$ cat run.txt   # compact mmCIF, C-alpha atoms
# COMPACT_ATOMS: atom_id res chain seq x y z
CA MET G 60 -4.46 8.11 -2.60
CA ASN G 61 -6.23 4.83 -3.31
CA ASN G 62 -5.77 5.51 -7.05
CA ALA G 63 -2.00 5.88 -6.65
CA LEU G 64 -1.67 2.66 -4.65
CA ASN G 65 -4.00 0.89 -7.08
CA LYS G 66 -1.69 1.75 -9.98
CA LYS G 67 1.39 0.67 -8.03
CA LEU G 68 -0.08 -2.76 -7.33
CA LEU G 69 -2.02 -3.52 -10.50
CA TYR G 70 0.24 -2.08 -13.20
CA GLN G 71 3.24 -4.27 -12.50
CA ASN G 72 4.86 -6.43 -15.14
CA PHE G 73 3.30 -9.86 -14.58
CA THR G 74 4.82 -11.30 -17.77
CA TYR G 75 7.07 -13.72 -15.89
CA CYS G 76 4.55 -14.67 -13.22
CA GLU G 77 3.61 -18.31 -13.27
CA GLU G 78 0.10 -19.42 -12.47
CA LEU G 79 0.67 -20.01 -8.79
CA ASN G 80 -1.43 -22.42 -6.81
CA VAL G 81 -3.81 -19.99 -5.13
CA ASN G 82 -5.14 -22.76 -2.88
CA SER G 83 -1.89 -22.89 -0.91
CA TYR G 84 -2.02 -19.13 -0.27
CA CYS G 85 -5.71 -19.34 0.64
CA GLU G 86 -4.81 -22.00 3.21
CA ILE G 87 -2.33 -19.58 4.77
CA ALA G 88 -4.97 -16.84 4.94
CA ALA G 89 -7.58 -19.20 6.35
CA SER G 90 -5.14 -20.39 9.02
CA TYR G 91 -4.59 -16.83 10.23
CA ALA G 92 -8.35 -16.26 10.38
CA ILE G 93 -8.81 -19.39 12.48
CA THR G 94 -5.79 -19.20 14.82
CA GLU G 95 -5.82 -15.42 15.41
CA ASN G 96 -9.56 -14.74 15.02
CA ALA G 97 -8.41 -12.37 12.28
CA ILE G 98 -9.98 -10.98 9.19
CA ALA G 99 -7.63 -12.21 6.46
CA VAL G 100 -7.73 -10.80 2.93
CA LEU G 101 -5.66 -12.44 0.19
CA SER G 102 -5.54 -10.26 -2.94
CA ASP G 103 -4.46 -11.55 -6.34
CA LEU G 104 -2.91 -8.47 -7.96
CA LYS G 105 -2.71 -10.08 -11.40
CA LEU G 106 -6.32 -11.25 -11.58
CA HIS G 107 -7.73 -8.27 -9.64
CA CYS G 108 -9.67 -10.30 -7.09
CA SER G 109 -9.55 -11.08 -3.37
CA TYR G 110 -10.38 -13.95 -1.04
CA VAL G 111 -11.73 -12.83 2.34
CA PHE G 112 -11.64 -15.15 5.36
CA HIS G 113 -13.53 -14.14 8.49
CA GLY G 114 -12.41 -15.07 11.98
CA GLY G 115 -13.97 -14.18 15.32
CA PHE G 116 -13.09 -10.49 15.01
CA SER G 117 -15.56 -10.24 12.13
CA GLU G 118 -18.39 -11.10 14.50
CA ILE G 119 -17.26 -8.39 16.94
CA LEU G 120 -17.53 -5.89 14.09
CA GLU G 121 -20.70 -7.61 12.82
CA LEU G 122 -19.21 -7.95 9.35
CA ALA G 123 -19.71 -11.67 8.89
CA LYS G 124 -19.90 -14.93 10.81
CA SER G 125 -16.68 -16.51 11.96
CA GLY G 126 -15.56 -19.17 9.50
CA SER G 127 -17.27 -17.56 6.50
CA PHE G 128 -15.45 -16.96 3.22
CA PHE G 129 -16.10 -14.62 0.30
CA MET G 130 -14.46 -13.95 -3.05
CA ILE G 131 -14.71 -10.40 -4.41
CA ASP G 132 -13.83 -8.92 -7.82
CA SER G 133 -11.48 -6.29 -6.43
CA ILE G 134 -8.18 -6.04 -4.57
CA TRP G 135 -9.86 -3.64 -2.13
CA GLU G 136 -11.91 -5.09 0.73
CA ASN G 137 -14.37 -2.17 0.79
CA ASP G 138 -16.67 -3.66 3.43
CA ILE G 139 -13.68 -3.48 5.78
CA LEU G 140 -12.06 -0.29 4.48
CA ASN G 141 -15.34 1.61 4.79
CA ARG G 142 -15.16 1.00 8.55
CA ILE G 143 -11.86 2.93 8.78
CA PRO G 144 -12.03 6.72 9.40
CA ALA G 145 -10.94 8.77 6.40
CA SER G 146 -7.79 10.14 8.04
CA ASP G 147 -6.66 6.68 9.17
CA LEU G 148 -7.45 5.22 5.75
CA ALA G 149 -5.40 7.89 3.96
CA GLN G 150 -2.43 7.23 6.27
CA LYS G 151 -2.83 3.46 5.84
CA GLN G 152 -2.64 3.83 2.07
CA LEU G 153 0.41 6.10 2.34
CA ASP G 154 2.08 3.49 4.56
CA GLU G 155 1.31 0.74 2.05
CA LEU G 156 2.61 2.81 -0.86
CA GLN G 157 5.83 3.44 1.06
CA PHE G 158 6.14 -0.25 1.98
CA PHE G 159 5.58 -1.30 -1.63
CA ASP G 160 8.36 1.01 -2.81
CA PHE G 161 10.62 -0.31 -0.05
CA VAL G 162 10.28 -3.95 -1.07
CA LYS G 163 10.58 -3.12 -4.77
CA ARG G 164 13.82 -1.23 -4.17
CA ASN G 165 15.27 -3.75 -1.74
CA GLY G 166 17.23 -6.70 -3.13
CA LYS G 167 15.92 -9.00 -0.39
CA ARG G 168 12.18 -8.86 -0.93
CA ASP G 169 10.90 -11.90 0.92
CA GLY G 170 10.58 -11.99 4.67
CA TYR G 171 9.35 -8.44 5.17
CA TYR G 172 5.95 -7.38 6.41
CA MET G 173 4.46 -4.07 7.46
CA VAL G 174 2.50 -3.26 10.61
CA ASN G 175 0.42 -0.23 11.50
CA VAL G 176 -2.48 0.58 13.80
CA VAL G 177 -5.76 2.01 12.55
CA SER G 178 -9.19 2.63 14.01
CA MET G 179 -12.30 0.88 12.78
CA TYR G 180 -15.96 1.45 13.56
CA ASP G 181 -17.93 -1.44 14.99
CA ALA G 182 -21.62 -1.99 14.25
CA LYS G 183 -22.56 0.54 16.97
CA GLY G 184 -20.35 3.23 15.49
CA GLU G 185 -17.78 2.98 18.26
CA LYS G 186 -14.07 3.00 17.43
CA VAL G 187 -12.01 -0.15 17.84
CA LYS G 188 -8.22 -0.12 17.66
CA VAL G 189 -6.96 -2.56 15.02
CA LEU G 190 -3.54 -3.99 14.22
CA HIS G 191 -3.09 -4.22 10.44
CA ARG G 192 -0.35 -6.34 8.89
CA ILE G 193 0.48 -6.80 5.24
CA PHE G 194 2.64 -9.46 3.59
CA TYR G 195 3.69 -9.60 -0.08
CA PHE G 196 4.35 -12.78 -2.04
CA HIS G 197 6.64 -12.33 -5.06
CA GLU G 198 6.78 -14.19 -8.34
CA GLY G 199 8.70 -13.40 -11.53
CA GLY G 200 9.88 -10.02 -10.26
CA ALA G 201 6.37 -8.81 -9.36
CA VAL G 202 4.27 -8.81 -6.21
CA ARG G 203 1.59 -11.35 -7.12
CA TYR G 204 -0.30 -11.73 -3.84
CA ALA G 205 -0.88 -9.39 -0.90
CA LEU G 206 -2.13 -10.73 2.43
CA CYS G 207 -3.75 -8.24 4.82
CA LEU G 208 -4.59 -9.22 8.40
CA TYR G 209 -6.83 -7.29 10.78
CA THR G 210 -6.91 -8.11 14.51
CA PRO G 211 -7.96 -6.08 17.58
CA THR G 212 -5.20 -4.52 19.67
CA CYS G 213 -4.78 -2.41 22.79
CA GLU G 214 -1.38 -1.02 21.87
CA GLU G 215 -0.21 2.07 20.06
CA ARG G 216 2.72 1.54 17.74
CA PRO G 217 4.30 3.45 14.87
CA SER G 218 4.04 2.17 11.31
CA ALA G 219 7.02 -0.08 10.60
CA VAL G 220 8.55 -2.69 8.33
CA ILE G 221 9.66 -5.87 10.08
CA ASP G 222 12.19 -8.41 8.85
CA SER G 223 10.62 -11.69 9.97
CA LEU G 224 13.98 -13.51 9.70
CA SER G 225 16.02 -11.20 11.91
CA GLY G 226 13.31 -9.41 13.86
CA LYS G 227 14.74 -6.04 12.83
CA VAL G 228 12.20 -3.22 12.98
CA THR G 229 12.50 -0.29 10.59
CA LEU G 230 10.13 2.60 11.17
CA LEU G 231 8.58 3.96 8.00
CA THR G 232 9.86 7.37 9.06
CA GLN G 233 13.40 5.95 8.77
CA ILE G 234 12.98 4.62 5.24
CA GLY G 235 14.45 6.80 2.53
CA VAL G 236 11.35 7.56 0.50
CA GLU G 237 13.25 10.49 -0.95
CA GLN G 238 14.94 7.93 -3.21
CA ILE G 239 11.69 7.47 -5.12
CA LEU G 240 12.40 10.69 -7.02
CA SER G 241 15.74 12.02 -8.27
CA GLU G 242 17.01 15.40 -7.06
CA ARG G 243 16.09 16.97 -10.40
CA GLU G 244 12.58 15.49 -10.25
CA LYS G 245 12.08 16.85 -6.73
CA GLU G 246 13.34 20.25 -7.88
CA ILE G 247 10.88 20.29 -10.78
CA LEU G 248 8.01 19.06 -8.62
CA LEU G 249 8.60 21.89 -6.16
CA MET G 250 8.39 24.34 -9.05
CA ILE G 251 5.19 22.70 -10.26
CA ASP G 252 3.80 23.02 -6.73
CA ASP G 253 4.63 26.74 -6.89
CA GLY G 254 2.43 26.99 -10.00
CA MET G 255 5.19 27.28 -12.60
CA LEU G 256 4.49 26.14 -16.17
CA SER G 257 6.79 23.83 -18.11
CA LYS G 258 8.19 26.67 -20.23
CA GLU G 259 8.98 28.68 -17.09
CA ILE G 260 10.69 25.68 -15.49
CA ALA G 261 12.67 25.07 -18.67
CA SER G 262 13.84 28.67 -18.75
CA LYS G 263 14.84 28.74 -15.10
CA LEU G 264 16.76 25.45 -15.29
CA ASN G 265 18.14 26.17 -18.76
CA ILE G 266 16.80 22.92 -20.19
CA SER G 267 14.33 22.16 -22.98
CA ILE G 268 10.58 21.92 -22.51
CA TYR G 269 10.87 18.36 -23.83
CA THR G 270 13.19 17.51 -20.93
CA VAL G 271 10.85 19.13 -18.42
CA ASN G 272 7.87 17.20 -19.78
CA ARG G 273 9.86 13.96 -19.67
CA HIS G 274 10.67 14.61 -16.00
CA ARG G 275 7.00 15.39 -15.34
CA GLN G 276 5.96 12.08 -16.90
CA ASN G 277 8.58 10.19 -14.87
CA ILE G 278 7.28 11.81 -11.69
CA LEU G 279 3.71 10.73 -12.44
CA GLU G 280 4.82 7.17 -13.17
CA LYS G 281 7.00 6.85 -10.06
CA LEU G 282 4.32 8.21 -7.75
CA ARG G 283 1.52 6.53 -9.73
CA ALA G 284 -0.25 9.90 -9.73
CA LYS G 285 -3.02 10.84 -12.16
CA ASN G 286 -1.86 14.45 -12.61
CA SER G 287 0.69 16.99 -11.36
CA SER G 288 -1.56 18.23 -8.55
CA HIS G 289 -2.02 14.67 -7.33
CA ALA G 290 1.76 14.10 -7.57
CA CYS G 291 2.43 17.13 -5.37
CA LYS G 292 -0.07 15.86 -2.81
CA MET G 293 1.49 12.40 -2.86
CA ALA G 294 5.03 13.77 -2.49
CA LYS G 295 4.01 15.92 0.46
CA GLY G 296 2.26 13.01 2.10
CA LEU G 297 5.43 10.92 1.76
CA ARG G 298 7.49 13.93 2.91
CA ILE G 299 9.54 13.86 -0.31
CA ILE G 300 9.04 17.60 -0.80
$ encode --input "run.txt" --output "structure tokens"
Amino acid sequence: MNNALNKKLLYQNFTYCEELNVNSYCEIAASYAITENAIAVLSDLKLHCSYVFHGGFSEILELAKSGSFFMIDSIWENDILNRIPASDLAQKQLDELQFFDFVKRNGKRDGYYMVNVVSMYDAKGEKVKVLHRIFYFHEGGAVRYALCLYTPTCEERPSAVIDSLSGKVTLLTQIGVEQILSEREKEILLMIDDGMLSKEIASKLNISIYTVNRHRQNILEKLRAKNSSHACKMAKGLRII
């Protein structure tokens, strides 16, 4: 799952991205860490690095001292992600993949952020409920920066996309992820999931093997999957098939 999301984020077209002033975005992240005692992670998707700002919550988890700052050569904050149970982490990555597709398909990209609740282990191995929020900053048609915030919470809430300008809440279960793939691509993916070979699919649909293989390649690209088996798993996780 991490591989699929990694491809979605890193293999964008950054051709028209200007060299943004990262300091201004770091100031935003640092402000969240200070005012909300949050762990704030600002990831530069073009340069494949992240800036991690630790607020008071980091001390609760015994990750780092409040006020500390680190730069890492990855867009994944593994010291934090390794504290999340595997099932929660898989769902978190599915949510982020769905959110990324939502903002890419939506004409109004700015002003949205995603929220979900995950568990994290503290230094004693006990679970702590955490509110995770993610914001995207666009430039030149691509998502250049991603800001992730982690703060403790006592509430349970479904994963959702929020329009910060109107306050409208859209549950991820209400977002049409089925639009990621065309009806023909979903039909072919179901056949692949049933173990059918390209020549068998071509015969059943009365199309050429070339057309089937082109659809297969499009499916892999849209889901950012490494192979057909991975694509089927991704599609099921997103409830596309």
$ closest_residue --input "run.txt" --among "G:Ile247, G:Met130, G:Met179, G:Ile299" --to "G:Arg275" --atoms "all atoms listed in the file"
G:Ile247
$ closest_residue --input "run.txt" --among "G:Ser146, G:His113, G:Lys124, G:Phe158" --to "G:Thr229" --atoms "all atoms listed in the file"
G:Phe158
$ atom_distance --input "run.txt" --atom1 "atom CA of G:Ser83" --atom2 "atom CA of G:Phe196"
11.9 Å
$ atom_distance --input "run.txt" --atom1 "atom CA of G:Val162" --atom2 "atom CA of G:Asn286"
24.9 Å
$ residues_around --input "run.txt" --residues "G:Ile260" --least-positions-apart "3" --cutoff "9 Å" --atoms "all atoms listed in the file" --output "ChimeraX atom specification"
/G:247,250-251,255-257,263-266,268,271
$ atom_distance --input "run.txt" --atom1 "atom CA of G:Arg142" --atom2 "atom CA of G:Lys188"
11.5 Å
$ closest_residue --input "run.txt" --among "G:Asp253, G:Glu259, G:Glu121, G:Glu86" --to "G:Lys183" --atoms "all atoms listed in the file"
G:Glu121
$ closest_residue --input "run.txt" --among "G:Glu244, G:Met293, G:Phe159, G:Arg298" --to "G:Gln276" --atoms "all atoms listed in the file"
G:Glu244
$ axis_aligned_box --input "run.txt" --around "stretch 275-294 of chain G" --padding-each-side "5 Å" --output "lines of an AutoDock Vina configuration file"
center_x = 2.8
center_y = 12.4
center_z = -9.7
size_x = 21.6
size_y = 21.7
size_z = 24.4
$ residues_near_point --input "run.txt" --point "(7.2, 3.3, 6.1)" --cutoff "9 Å" --atoms "only C-alpha atoms" --output "ChimeraX atom specification"
/G:153-158,161,173,218-220,229-236,297
$ write_last_selection --input "run.txt" --atoms "C-alpha atoms" --output "PDB file, in the coordinates of the input"
ATOM      1  CA  LEU G 153       0.410   6.100   2.340  1.00  0.00           C
ATOM      2  CA  ASP G 154       2.080   3.490   4.560  1.00  0.00           C
ATOM      3  CA  GLU G 155       1.310   0.740   2.050  1.00  0.00           C
ATOM      4  CA  LEU G 156       2.610   2.810  -0.860  1.00  0.00           C
ATOM      5  CA  GLN G 157       5.830   3.440   1.060  1.00  0.00           C
ATOM      6  CA  PHE G 158       6.140  -0.250   1.980  1.00  0.00           C
ATOM      7  CA  PHE G 161      10.620  -0.310  -0.050  1.00  0.00           C
ATOM      8  CA  MET G 173       4.460  -4.070   7.460  1.00  0.00           C
ATOM      9  CA  SER G 218       4.040   2.170  11.310  1.00  0.00           C
ATOM     10  CA  ALA G 219       7.020  -0.080  10.600  1.00  0.00           C
ATOM     11  CA  VAL G 220       8.550  -2.690   8.330  1.00  0.00           C
ATOM     12  CA  THR G 229      12.500  -0.290  10.590  1.00  0.00           C
ATOM     13  CA  LEU G 230      10.130   2.600  11.170  1.00  0.00           C
ATOM     14  CA  LEU G 231       8.580   3.960   8.000  1.00  0.00           C
ATOM     15  CA  THR G 232       9.860   7.370   9.060  1.00  0.00           C
ATOM     16  CA  GLN G 233      13.400   5.950   8.770  1.00  0.00           C
ATOM     17  CA  ILE G 234      12.980   4.620   5.240  1.00  0.00           C
ATOM     18  CA  GLY G 235      14.450   6.800   2.530  1.00  0.00           C
ATOM     19  CA  VAL G 236      11.350   7.560   0.500  1.00  0.00           C
ATOM     20  CA  LEU G 297       5.430  10.920   1.760  1.00  0.00           C
TER      21      LEU G 297
END
$ closest_residue --input "run.txt" --among "G:Ala201, G:Val177, G:Tyr195, G:Val111" --to "G:Arg216" --atoms "all atoms listed in the file"
G:Val177
$ residues_around --input "run.txt" --residues "G:Ser125" --least-positions-apart "2" --cutoff "10 Å" --atoms "all atoms listed in the file" --output "ChimeraX atom specification"
/G:92-93,96-98,112-119,121-123,127-128
$ write_last_selection --input "run.txt" --atoms "C-alpha atoms" --output "short mmCIF file (atom, residue, chain, number, x, y, z; two decimals), in the frame of the given file"
data_model
loop_
_atom_site.label_atom_id
_atom_site.label_comp_id
_atom_site.auth_asym_id
_atom_site.auth_seq_id
_atom_site.Cartn_x
_atom_site.Cartn_y
_atom_site.Cartn_z
CA ALA G 92 -8.35 -16.26 10.38
CA ILE G 93 -8.81 -19.39 12.48
CA ASN G 96 -9.56 -14.74 15.02
CA ALA G 97 -8.41 -12.37 12.28
CA ILE G 98 -9.98 -10.98 9.19
CA PHE G 112 -11.64 -15.15 5.36
CA HIS G 113 -13.53 -14.14 8.49
CA GLY G 114 -12.41 -15.07 11.98
CA GLY G 115 -13.97 -14.18 15.32
CA PHE G 116 -13.09 -10.49 15.01
CA SER G 117 -15.56 -10.24 12.13
CA GLU G 118 -18.39 -11.10 14.50
CA ILE G 119 -17.26 -8.39 16.94
CA GLU G 121 -20.70 -7.61 12.82
CA LEU G 122 -19.21 -7.95 9.35
CA ALA G 123 -19.71 -11.67 8.89
CA SER G 127 -17.27 -17.56 6.50
CA PHE G 128 -15.45 -16.96 3.22
#
$ residues_around --input "run.txt" --residues "G:Lys292" --least-positions-apart "6" --cutoff "10 Å" --atoms "all atoms listed in the file" --output "ChimeraX atom specification"
/G:60,252,284,298,300
